[in-house]
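S.K.: Here you go, this is model.cif (mmCIF, C-alpha atoms).
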```cif
data_coords
#
loop_
_atom_site.label_atom_id
_atom_site.label_comp_id
_atom_site.auth_asym_id
_atom_site.auth_seq_id
_atom_site.Cartn_x
_atom_site.Cartn_y
_atom_site.Cartn_z
CA MET A 250 -15.84 18.10 22.71
CA ASN A 251 -17.88 18.94 19.57
CA SER A 252 -18.59 16.05 17.25
CA ILE A 253 -16.90 16.14 13.84
CA THR A 254 -19.11 15.55 10.84
CA ILE A 255 -17.38 14.31 7.70
CA SER A 256 -18.70 17.32 5.78
CA THR A 257 -17.19 19.70 8.35
CA LEU A 258 -13.88 17.79 8.17
CA GLN A 259 -13.97 18.23 4.36
CA GLU A 260 -14.66 22.00 4.72
CA TYR A 261 -11.78 22.28 7.19
CA LEU A 262 -9.38 20.38 4.91
CA LYS A 263 -10.52 22.57 1.98
CA THR A 264 -8.80 25.44 3.81
CA LYS A 265 -5.54 23.47 3.58
CA TYR A 266 -5.78 21.68 0.23
CA ASP A 267 -7.73 23.04 -2.69
CA ASN A 268 -6.01 21.98 -5.88
CA PRO A 269 -6.90 18.66 -7.59
CA GLN A 270 -3.31 18.58 -8.88
CA TYR A 271 -2.28 17.57 -5.37
CA THR A 272 -4.03 14.21 -5.82
CA ASN A 273 -0.88 12.20 -6.56
CA SER A 274 1.15 13.95 -3.85
CA LEU A 275 -1.56 13.39 -1.23
CA PHE A 276 -1.84 9.77 -2.34
CA MET A 277 1.93 9.29 -1.91
CA LYS A 278 1.50 10.56 1.69
CA LEU A 279 -1.50 8.22 2.15
CA VAL A 280 0.65 5.22 1.09
CA GLU A 281 3.40 6.32 3.49
CA GLU A 282 0.84 6.37 6.32
CA VAL A 283 -0.64 2.99 5.29
CA GLY A 284 2.89 1.63 5.68
CA GLU A 285 2.99 3.11 9.17
CA VAL A 286 -0.35 1.44 10.04
CA ALA A 287 1.25 -1.84 8.87
CA GLU A 288 4.28 -1.12 11.06
CA ALA A 289 2.06 -0.41 14.09
CA ILE A 290 0.13 -3.66 13.54
CA ASN A 291 3.41 -5.57 12.98
CA LYS A 292 4.61 -4.30 16.37
CA ILE A 293 1.30 -5.21 18.07
CA ASP A 294 1.48 -8.70 16.52
CA GLY A 295 5.15 -9.16 17.41
CA ARG A 296 6.45 -9.18 13.86
CA LYS A 297 8.60 -6.21 14.79
CA ALA A 298 10.20 -5.17 18.08
CA ASP A 299 7.93 -2.60 19.71
CA ASP A 300 9.99 0.51 20.40
CA GLY A 301 6.88 2.40 21.51
CA LEU A 302 7.25 4.89 18.65
CA SER A 303 4.22 3.73 16.64
CA SER A 304 0.64 4.65 17.44
CA LEU A 305 -2.06 2.71 15.61
CA SER A 306 -4.60 5.46 16.38
CA GLU A 307 -2.43 8.30 15.01
CA GLU A 308 -1.48 6.37 11.86
CA LEU A 309 -5.15 5.53 11.17
CA VAL A 310 -6.07 9.21 11.66
CA ASP A 311 -3.37 10.11 9.12
CA VAL A 312 -4.73 7.60 6.58
CA ILE A 313 -8.25 9.04 7.02
CA HIS A 314 -6.84 12.60 6.81
CA TYR A 315 -5.26 11.99 3.41
CA ALA A 316 -8.19 9.96 2.03
CA VAL A 317 -10.60 12.77 3.02
CA ALA A 318 -8.18 15.39 1.64
CA ILE A 319 -7.98 13.61 -1.75
CA ALA A 320 -11.79 13.41 -1.86
CA THR A 321 -12.06 17.08 -0.92
CA ILE A 322 -9.78 18.42 -3.65
CA ASN A 323 -11.69 16.30 -6.17
CA ASP A 324 -15.05 17.77 -5.03
CA ILE A 325 -16.32 14.42 -3.77
CA ASP A 326 -19.16 14.65 -1.22
CA LEU A 327 -18.04 11.77 0.99
CA GLU A 328 -21.21 11.64 3.12
CA GLN A 329 -23.37 11.21 0.03
CA VAL A 330 -21.13 8.52 -1.48
CA MET A 331 -20.99 6.72 1.89
CA ILE A 332 -24.78 6.64 2.23
CA GLU A 333 -25.29 5.41 -1.35
CA LYS A 334 -22.51 2.81 -1.21
CA ASP A 335 -23.75 1.56 2.17
CA LYS A 336 -27.31 1.23 0.83
CA LYS A 337 -26.10 -1.02 -2.02
CA ALA A 338 -23.91 -3.09 0.35
CA SER A 339 -26.72 -3.54 2.89
CA VAL A 340 -28.98 -4.99 0.17
CA LYS A 341 -26.16 -7.17 -1.21
CA TYR A 342 -25.16 -8.53 2.23
CA HIS A 343 -28.67 -8.38 3.81
CA GLN A 344 -27.45 -6.14 6.65
CA PHE A 345 -30.05 -3.82 8.19
CA PRO A 346 -30.49 -1.14 9.28
CA ASN A 347 -28.32 0.57 6.69
CA LEU A 348 -26.38 3.73 7.52
CA GLN A 349 -29.18 6.05 6.37
CA ASP A 350 -31.73 4.32 8.60
CA TYR A 351 -29.22 4.17 11.44
CA LEU A 352 -28.78 7.94 11.21
CA ASN A 353 -32.55 8.50 11.03
CA ASN A 354 -33.13 6.31 14.10
CA GLU A 355 -30.47 8.34 15.89
CA LYS A 356 -32.45 11.56 15.46
CA MET B 862 -29.63 14.08 4.25
CA ASN B 863 -28.40 13.86 7.85
CA SER B 864 -24.77 14.68 8.44
CA ILE B 865 -22.52 11.80 9.51
CA THR B 866 -20.34 12.40 12.53
CA ILE B 867 -17.24 10.24 12.81
CA SER B 868 -18.42 9.00 16.21
CA THR B 869 -21.76 7.91 14.73
CA LEU B 870 -19.93 6.18 11.87
CA GLN B 871 -17.85 4.31 14.48
CA GLU B 872 -21.00 3.29 16.41
CA TYR B 873 -22.58 2.08 13.16
CA LEU B 874 -19.48 0.06 12.18
CA LYS B 875 -19.36 -1.38 15.72
CA THR B 876 -22.60 -3.20 14.79
CA LYS B 877 -20.70 -4.89 11.94
CA TYR B 878 -17.21 -5.39 13.36
CA ASP B 879 -16.54 -5.86 17.05
CA ASN B 880 -13.53 -8.13 17.45
CA PRO B 881 -9.97 -6.69 17.59
CA GLN B 882 -8.79 -9.99 16.08
CA TYR B 883 -10.19 -8.72 12.76
CA THR B 884 -7.46 -6.05 12.64
CA ASN B 885 -5.20 -7.90 10.18
CA SER B 886 -8.12 -9.02 7.99
CA LEU B 887 -9.58 -5.50 7.83
CA PHE B 888 -6.13 -4.13 7.07
CA MET B 889 -5.75 -6.60 4.17
CA LYS B 890 -9.03 -5.22 2.77
CA LEU B 891 -7.77 -1.65 3.36
CA VAL B 892 -4.64 -2.40 1.29
CA GLU B 893 -6.79 -3.93 -1.48
CA GLU B 894 -8.84 -0.71 -1.56
CA VAL B 895 -5.72 1.51 -1.51
CA GLY B 896 -4.65 -0.40 -4.63
CA GLU B 897 -8.00 0.44 -6.19
CA VAL B 898 -7.55 4.14 -5.36
CA ALA B 899 -4.17 3.89 -7.14
CA GLU B 900 -5.88 2.24 -10.10
CA ALA B 901 -8.54 4.98 -10.25
CA ILE B 902 -5.85 7.70 -10.16
CA ASN B 903 -3.78 5.82 -12.77
CA LYS B 904 -6.82 5.85 -15.06
CA ILE B 905 -7.47 9.57 -14.40
CA ASP B 906 -3.79 10.34 -15.13
CA GLY B 907 -3.73 8.14 -18.25
CA ARG B 908 -1.31 5.53 -16.87
CA LYS B 909 -4.02 2.94 -17.50
CA ALA B 910 -6.80 2.76 -20.09
CA ASP B 911 -9.99 4.05 -18.49
CA ASP B 912 -12.65 1.35 -18.82
CA GLY B 913 -15.05 3.36 -16.65
CA LEU B 914 -15.09 0.65 -13.99
CA SER B 915 -13.16 2.59 -11.34
CA SER B 916 -14.65 5.28 -9.13
CA LEU B 917 -12.21 7.40 -7.15
CA SER B 918 -15.01 8.43 -4.77
CA GLU B 919 -16.13 4.86 -4.00
CA GLU B 920 -12.57 3.59 -3.53
CA LEU B 921 -11.78 6.46 -1.14
CA VAL B 922 -14.98 5.71 0.82
CA ASP B 923 -13.83 2.08 1.07
CA VAL B 924 -10.38 3.12 2.39
CA ILE B 925 -12.05 5.35 5.02
CA HIS B 926 -14.53 2.53 5.85
CA TYR B 927 -11.77 0.06 6.68
CA ALA B 928 -9.57 2.61 8.49
CA VAL B 929 -12.54 3.64 10.69
CA ALA B 930 -13.47 -0.04 11.18
CA ILE B 931 -9.92 -0.92 12.37
CA ALA B 932 -10.00 2.03 14.78
CA THR B 933 -13.44 0.99 16.03
CA ILE B 934 -12.54 -2.60 16.87
CA ASN B 935 -9.46 -1.32 18.70
CA ASP B 936 -11.57 1.09 20.80
CA ILE B 937 -9.92 4.17 19.30
CA ASP B 938 -11.96 7.40 19.65
CA LEU B 939 -11.07 8.86 16.26
CA GLU B 940 -12.57 12.30 16.89
CA GLN B 941 -10.44 12.76 20.01
CA VAL B 942 -7.24 11.59 18.29
CA MET B 943 -8.01 13.83 15.28
CA ILE B 944 -8.46 16.93 17.46
CA GLU B 945 -5.28 16.25 19.45
CA LYS B 946 -3.17 15.38 16.40
CA ASP B 947 -4.46 18.44 14.53
CA LYS B 948 -3.64 20.70 17.50
CA LYS B 949 0.01 19.51 17.46
CA ALA B 950 0.24 19.87 13.66
CA SER B 951 -1.26 23.39 13.68
CA VAL B 952 1.42 24.53 16.15
CA LYS B 953 4.19 22.74 14.20
CA TYR B 954 3.11 24.18 10.84
CA HIS B 955 1.71 27.50 12.16
CA GLN B 956 -1.70 26.83 10.62
CA PHE B 957 -4.67 28.44 12.38
CA PRO B 958 -7.48 28.05 13.20
CA ASN B 959 -6.96 24.42 14.19
CA LEU B 960 -9.75 21.88 13.89
CA GLN B 961 -10.99 22.45 17.45
CA ASP B 962 -11.31 26.20 16.89
CA TYR B 963 -12.82 25.63 13.45
CA LEU B 964 -15.51 23.46 15.03
CA ASN B 965 -16.13 26.02 17.79
CA ASN B 966 -16.45 28.85 15.28
CA GLU B 967 -18.95 26.70 13.40
CA LYS B 968 -21.28 26.54 16.40
CA MET C 330 14.82 -22.02 -19.73
CA ASN C 331 17.70 -19.60 -19.05
CA SER C 332 18.00 -18.31 -15.52
CA ILE C 333 17.29 -14.60 -15.00
CA THR C 334 19.86 -12.65 -13.04
CA ILE C 335 18.64 -9.48 -11.36
CA SER C 336 21.25 -7.47 -13.25
CA THR C 337 19.99 -8.85 -16.58
CA LEU C 338 16.41 -8.05 -15.55
CA GLN C 339 17.52 -4.47 -14.82
CA GLU C 340 19.26 -4.20 -18.23
CA TYR C 341 16.13 -5.53 -19.92
CA LEU C 342 13.85 -3.07 -18.07
CA LYS C 343 16.29 -0.25 -18.91
CA THR C 344 15.17 -0.77 -22.54
CA LYS C 345 11.61 0.03 -21.44
CA TYR C 346 12.05 2.65 -18.72
CA ASP C 347 14.97 5.04 -18.65
CA ASN C 348 13.81 8.31 -17.12
CA PRO C 349 14.01 8.88 -13.34
CA GLN C 350 11.01 11.18 -13.74
CA TYR C 351 8.90 8.04 -14.09
CA THR C 352 9.56 7.18 -10.42
CA ASN C 353 6.20 8.44 -9.13
CA SER C 354 4.24 6.93 -12.03
CA LEU C 355 5.94 3.55 -11.64
CA PHE C 356 5.32 3.70 -7.88
CA MET C 357 1.60 4.38 -8.49
CA LYS C 358 1.53 1.19 -10.61
CA LEU C 359 3.45 -0.67 -7.88
CA VAL C 360 0.80 0.32 -5.31
CA GLU C 361 -1.98 -0.80 -7.68
CA GLU C 362 -0.27 -4.20 -7.96
CA VAL C 363 0.28 -4.45 -4.18
CA GLY C 364 -3.50 -4.00 -3.90
CA GLU C 365 -3.96 -6.87 -6.32
CA VAL C 366 -1.62 -9.08 -4.24
CA ALA C 367 -3.84 -8.21 -1.24
CA GLU C 368 -6.92 -9.12 -3.27
CA ALA C 369 -5.38 -12.47 -4.32
CA ILE C 370 -4.50 -13.28 -0.67
CA ASN C 371 -7.99 -12.14 0.47
CA LYS C 372 -9.49 -14.62 -2.00
CA ILE C 373 -7.14 -17.42 -0.87
CA ASP C 374 -8.02 -16.69 2.78
CA GLY C 375 -11.77 -16.46 2.06
CA ARG C 376 -12.11 -12.76 2.82
CA LYS C 377 -13.39 -12.30 -0.71
CA ALA C 378 -15.30 -14.64 -3.03
CA ASP C 379 -12.80 -16.31 -5.35
CA ASP C 380 -13.89 -15.62 -8.94
CA GLY C 381 -10.69 -17.22 -10.26
CA LEU C 382 -9.56 -13.90 -11.81
CA SER C 383 -6.68 -13.26 -9.41
CA SER C 384 -3.28 -14.92 -9.63
CA LEU C 385 -0.97 -14.50 -6.65
CA SER C 386 2.01 -15.41 -8.82
CA GLU C 387 1.26 -12.85 -11.55
CA GLU C 388 0.54 -10.05 -9.06
CA LEU C 389 3.81 -10.76 -7.21
CA VAL C 390 5.70 -10.69 -10.52
CA ASP C 391 4.10 -7.31 -11.25
CA VAL C 392 5.17 -5.92 -7.85
CA ILE C 393 8.75 -7.13 -8.48
CA HIS C 394 8.61 -5.72 -12.03
CA TYR C 395 7.78 -2.21 -10.84
CA ALA C 396 10.17 -2.30 -7.86
CA VAL C 397 13.03 -3.36 -10.17
CA ALA C 398 11.96 -0.75 -12.75
CA ILE C 399 12.04 2.06 -10.14
CA ALA C 400 15.50 0.92 -9.03
CA THR C 401 16.67 0.76 -12.64
CA ILE C 402 15.66 4.29 -13.60
CA ASN C 403 17.34 5.55 -10.44
CA ASP C 404 20.60 3.77 -11.33
CA ILE C 405 20.42 1.46 -8.30
CA ASP C 406 22.50 -1.73 -8.60
CA LEU C 407 20.04 -4.04 -6.86
CA GLU C 408 22.40 -7.02 -6.61
CA GLN C 409 24.98 -4.94 -4.79
CA VAL C 410 22.45 -3.43 -2.38
CA MET C 411 20.94 -6.88 -1.76
CA ILE C 412 24.32 -8.41 -0.87
CA GLU C 413 25.25 -5.53 1.44
CA LYS C 414 21.84 -5.36 3.13
CA ASP C 415 21.77 -9.14 3.60
CA LYS C 416 25.27 -9.08 5.14
CA LYS C 417 24.12 -6.56 7.79
CA ALA C 418 20.90 -8.52 8.47
CA SER C 419 22.75 -11.85 8.80
CA VAL C 420 25.00 -10.35 11.48
CA LYS C 421 22.05 -8.67 13.23
CA TYR C 422 19.90 -11.82 13.23
CA HIS C 423 22.78 -14.35 13.46
CA GLN C 424 21.70 -16.09 10.26
CA PHE C 425 24.45 -17.82 8.29
CA PRO C 426 25.44 -18.40 5.57
CA ASN C 427 24.58 -14.96 4.24
CA LEU C 428 23.63 -14.43 0.60
CA GLN C 429 27.20 -13.74 -0.51
CA ASP C 430 28.46 -16.98 1.03
CA TYR C 431 25.43 -18.86 -0.28
CA LEU C 432 26.26 -17.68 -3.80
CA ASN C 433 29.94 -18.59 -3.37
CA ASN C 434 29.05 -22.08 -2.10
CA GLU C 435 26.82 -22.47 -5.15
CA LYS C 436 29.77 -22.00 -7.54
CA MET D 1428 30.62 -10.17 -7.20
CA ASN D 1429 28.59 -13.18 -8.37
CA SER D 1430 25.36 -12.40 -10.16
CA ILE D 1431 22.14 -13.30 -8.36
CA THR D 1432 19.59 -15.28 -10.34
CA ILE D 1433 16.01 -15.05 -9.16
CA SER D 1434 15.88 -18.83 -8.75
CA THR D 1435 18.96 -18.74 -6.51
CA LEU D 1436 17.42 -15.91 -4.49
CA GLN D 1437 14.30 -18.07 -4.04
CA GLU D 1438 16.41 -21.04 -2.91
CA TYR D 1439 18.25 -18.82 -0.45
CA LEU D 1440 15.01 -17.38 0.96
CA LYS D 1441 13.60 -20.91 1.22
CA THR D 1442 16.23 -21.45 3.94
CA LYS D 1443 14.62 -18.60 5.89
CA TYR D 1444 10.91 -18.91 5.11
CA ASP D 1445 9.27 -22.21 4.29
CA ASN D 1446 5.71 -22.14 5.56
CA PRO D 1447 2.87 -20.83 3.36
CA GLN D 1448 1.11 -19.79 6.56
CA TYR D 1449 3.57 -16.89 6.71
CA THR D 1450 1.94 -15.34 3.61
CA ASN D 1451 -0.12 -12.75 5.52
CA SER D 1452 2.73 -11.88 7.90
CA LEU D 1453 5.21 -11.44 5.05
CA PHE D 1454 2.63 -9.36 3.17
CA MET D 1455 2.20 -7.10 6.22
CA LYS D 1456 6.00 -6.53 6.15
CA LEU D 1457 5.82 -5.91 2.39
CA VAL D 1458 3.20 -3.16 2.94
CA GLU D 1459 5.36 -1.62 5.68
CA GLU D 1460 8.27 -1.48 3.22
CA VAL D 1461 6.10 -0.07 0.42
CA GLY D 1462 5.26 2.74 2.86
CA GLU D 1463 8.97 3.30 3.35
CA VAL D 1464 9.52 3.47 -0.43
CA ALA D 1465 6.75 6.13 -0.48
CA GLU D 1466 8.51 7.99 2.35
CA ALA D 1467 11.85 7.87 0.49
CA ILE D 1468 10.22 9.22 -2.70
CA ASN D 1469 8.34 11.88 -0.67
CA LYS D 1470 11.70 13.05 0.70
CA ILE D 1471 13.31 13.03 -2.77
CA ASP D 1472 10.36 15.04 -4.14
CA GLY D 1473 10.34 17.47 -1.19
CA ARG D 1474 6.99 16.39 0.22
CA LYS D 1475 8.80 15.54 3.45
CA ALA D 1476 11.90 17.03 5.05
CA ASP D 1477 14.87 14.82 4.15
CA ASP D 1478 16.56 13.72 7.38
CA GLY D 1479 18.88 11.40 5.43
CA LEU D 1480 17.43 8.32 7.17
CA SER D 1481 15.62 6.91 4.12
CA SER D 1482 17.29 4.99 1.34
CA LEU D 1483 15.25 4.36 -1.80
CA SER D 1484 17.58 1.51 -2.79
CA GLU D 1485 17.31 -0.32 0.55
CA GLU D 1486 13.53 0.08 0.74
CA LEU D 1487 13.13 -1.25 -2.83
CA VAL D 1488 15.36 -4.22 -1.94
CA ASP D 1489 13.10 -4.89 1.06
CA VAL D 1490 9.95 -4.80 -1.11
CA ILE D 1491 11.57 -7.26 -3.56
CA HIS D 1492 12.75 -9.41 -0.62
CA TYR D 1493 9.24 -9.87 0.76
CA ALA D 1494 7.60 -10.29 -2.67
CA VAL D 1495 10.11 -13.04 -3.54
CA ALA D 1496 9.69 -14.59 -0.08
CA ILE D 1497 5.88 -14.77 -0.46
CA ALA D 1498 6.31 -16.36 -3.90
CA THR D 1499 8.84 -18.82 -2.48
CA ILE D 1500 6.67 -20.12 0.38
CA ASN D 1501 3.81 -20.55 -2.09
CA ASP D 1502 6.01 -22.63 -4.44
CA ILE D 1503 5.81 -20.06 -7.24
CA ASP D 1504 8.62 -20.31 -9.84
CA LEU D 1505 9.07 -16.58 -10.39
CA GLU D 1506 11.39 -16.91 -13.41
CA GLN D 1507 8.83 -19.02 -15.26
CA VAL D 1508 5.93 -16.67 -14.42
CA MET D 1509 8.05 -13.66 -15.43
CA ILE D 1510 8.93 -15.14 -18.82
CA GLU D 1511 5.32 -16.13 -19.56
CA LYS D 1512 3.82 -12.84 -18.35
CA ASP D 1513 6.40 -10.85 -20.31
CA LYS D 1514 5.65 -12.84 -23.47
CA LYS D 1515 1.94 -11.93 -23.23
CA ALA D 1516 2.74 -8.26 -22.49
CA SER D 1517 5.22 -7.98 -25.38
CA VAL D 1518 2.53 -9.18 -27.81
CA LYS D 1519 -0.11 -6.92 -26.24
CA TYR D 1520 2.13 -3.82 -26.30
CA HIS D 1521 4.17 -4.75 -29.44
CA GLN D 1522 7.46 -4.57 -27.54
CA PHE D 1523 10.26 -6.76 -28.87
CA PRO D 1524 12.51 -8.48 -28.07
CA ASN D 1525 10.68 -10.02 -25.14
CA LEU D 1526 12.52 -11.17 -22.02
CA GLN D 1527 13.00 -14.72 -23.31
CA ASP D 1528 14.58 -13.49 -26.55
CA TYR D 1529 16.62 -10.90 -24.64
CA LEU D 1530 18.04 -13.68 -22.45
CA ASN D 1531 18.75 -15.88 -25.48
CA ASN D 1532 20.54 -13.03 -27.26
CA GLU D 1533 22.61 -12.55 -24.12
CA LYS D 1534 23.99 -16.10 -24.30
#
```
Starting from the coordinates I provided, produce the structure as structure tokens.

M.R.:
Amino acid sequence: MNSITISTLQEYLKTKYDNPQYTNSLFMKLVEEVGEVAEAINKIDGRKADDGLSSLSEELVDVIHYAVAIATINDIDLEQVMIEKDKKASVKYHQFPNLQDYLNNEK
Amino acid sequence: MNSITISTLQEYLKTKYDNPQYTNSLFMKLVEEVGEVAEAINKIDGRKADDGLSSLSEELVDVIHYAVAIATINDIDLEQVMIEKDKKASVKYHQFPNLQDYLNNEK
Amino acid sequence: MNSITISTLQEYLKTKYDNPQYTNSLFMKLVEEVGEVAEAINKIDGRKADDGLSSLSEELVDVIHYAVAIATINDIDLEQVMIEKDKKASVKYHQFPNLQDYLNNEK
Amino acid sequence: MNSITISTLQEYLKTKYDNPQYTNSLFMKLVEEVGEVAEAINKIDGRKADDGLSSLSEELVDVIHYAVAIATINDIDLEQVMIEKDKKASVKYHQFPNLQDYLNNEK
């Protein structure tokens, strides 16, 4: 199975969503899915009877789908923002290697 | 800048989070960040005065960070779930190519 | 200090919000506040450094404010729905007295 | 039907929830319900097929239920916080009468 880069996922989602006016609508779907992640965790933790209808993995994929879609329609290069944000966090929390170095070591 | 595959991002986050017992704590951080995405959109849409302190791109990266982290500590292969979920959705909504084909065409 | 009934709170908020078209906007504010409740709890639980700027009580009041406001602009009589929903739950979970009886006993 | 004051609702919920350690669990349920409010609004707005299974009023009542329950187990007097917060907001946004005056006028 081919690996999925975040930039490729953004290009793919660009074929489905391309108008920044969808931001609020996509966010409303994101919140719906976050609620379903909560439901899945509540079932795992026993706060709700587990009817087998929730899937933590599928709900998390949906949350990521809508977060990436919102970024995509707002022309946000997620990989770049991730690298930069991670660099700042790794200095702040003294955690090395950072994501950039981790990727370089991988090559 | 090297591309970031979702599997590499999961391996990287595995070095930071490795205990499924963090699921609730990471989810609480995810919800905090979802609130900050809402705040950023509220400022963009004029529902809140824009003090320049919110960044839609950084808040979305944080939401993705915690969603991927929760998946990682629960041993969820996100790329596999994404491909399978997308396949079902593309049949349901008659949207082609699906992600798998899109990735293959990319090669 | 006079007690606040939910119906009076709805009448009061009706003077501020009266158009059902605000539903999405008010919900976006609700989600922002839910994120701030998460932040307050994260600080209480030590998942975030406590800078003293969060107040669990104020964030909860904000969540209730927006939930009641959304109900109000959609002409939802919250007291009635609460009583009915509680009646069903008390039968389902064998919890007595239910809210209606509790209120009657209070008189 | 007797009116429900917020203080009475807190007393009633105190009979069901009385341990501040439930804060995270109740918040997880709150987030699940916020997702269901999003789903109900998505159906109303046509972002999701309306199967008639969602009820905006019931989901909003659930959100209020859990927000009030969290306040209750943390010994938060919601009516007092509401009055004080509203006073500050009415000065900030020049909106009169404020809730306190509104309640006094009601008597």

S.K.: Quick one: which residues from chain B are at most 9 Å off chain D, using all atoms listed in the file, as a list in words?

M.R.: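 Output check: Asn885, Phe888, Met889 and Val892 of chain B.
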
S.K.: Can you write just those residues out, C-alpha atoms, as an mmCIF file, keeping the file's coordinate frame?

M.R.:
```cif
data_model
loop_
_atom_site.group_PDB
_atom_site.id
_atom_site.type_symbol
_atom_site.label_atom_id
_atom_site.label_comp_id
_atom_site.auth_asym_id
_atom_site.auth_seq_id
_atom_site.Cartn_x
_atom_site.Cartn_y
_atom_site.Cartn_z
ATOM 1 C CA ASN B 885 -5.200 -7.900 10.180
ATOM 2 C CA PHE B 888 -6.130 -4.130 7.070
ATOM 3 C CA MET B 889 -5.750 -6.600 4.170
ATOM 4 C CA VAL B 892 -4.640 -2.400 1.290
#
```

S.K.: Between C:Asp347, C:Glu408, C:Glu365, C:Asp380, which has the minimum distance to Asn1429 in chain D (counting all atoms listed in the file)?

M.R.: C:Glu408

S.K.: Separation of CA of Lys414 in chain C and CA of Leu389 in chain C, in Å?

M.R.: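 So the answer is 21.5 Å.
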
S.K.: Using CA of Ile865 in chain B and CA of Gln961 in chain B as the two end points, give the distance in Å to one decimal.

M.R.: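 Separation between CA of Ile865 in chain B and CA of Gln961 in chain B: 17.6 Å.
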
S.K.: How would you write, as a PyMOL selection string, the residues chosen by the PyMOL selection byres ((chain D and resi 1456) around 9) on this structure?

M.R.: (chain A and resi 284+287-288+291+296) or (chain D and resi 1451-1455+1457-1461+1489-1490+1493)
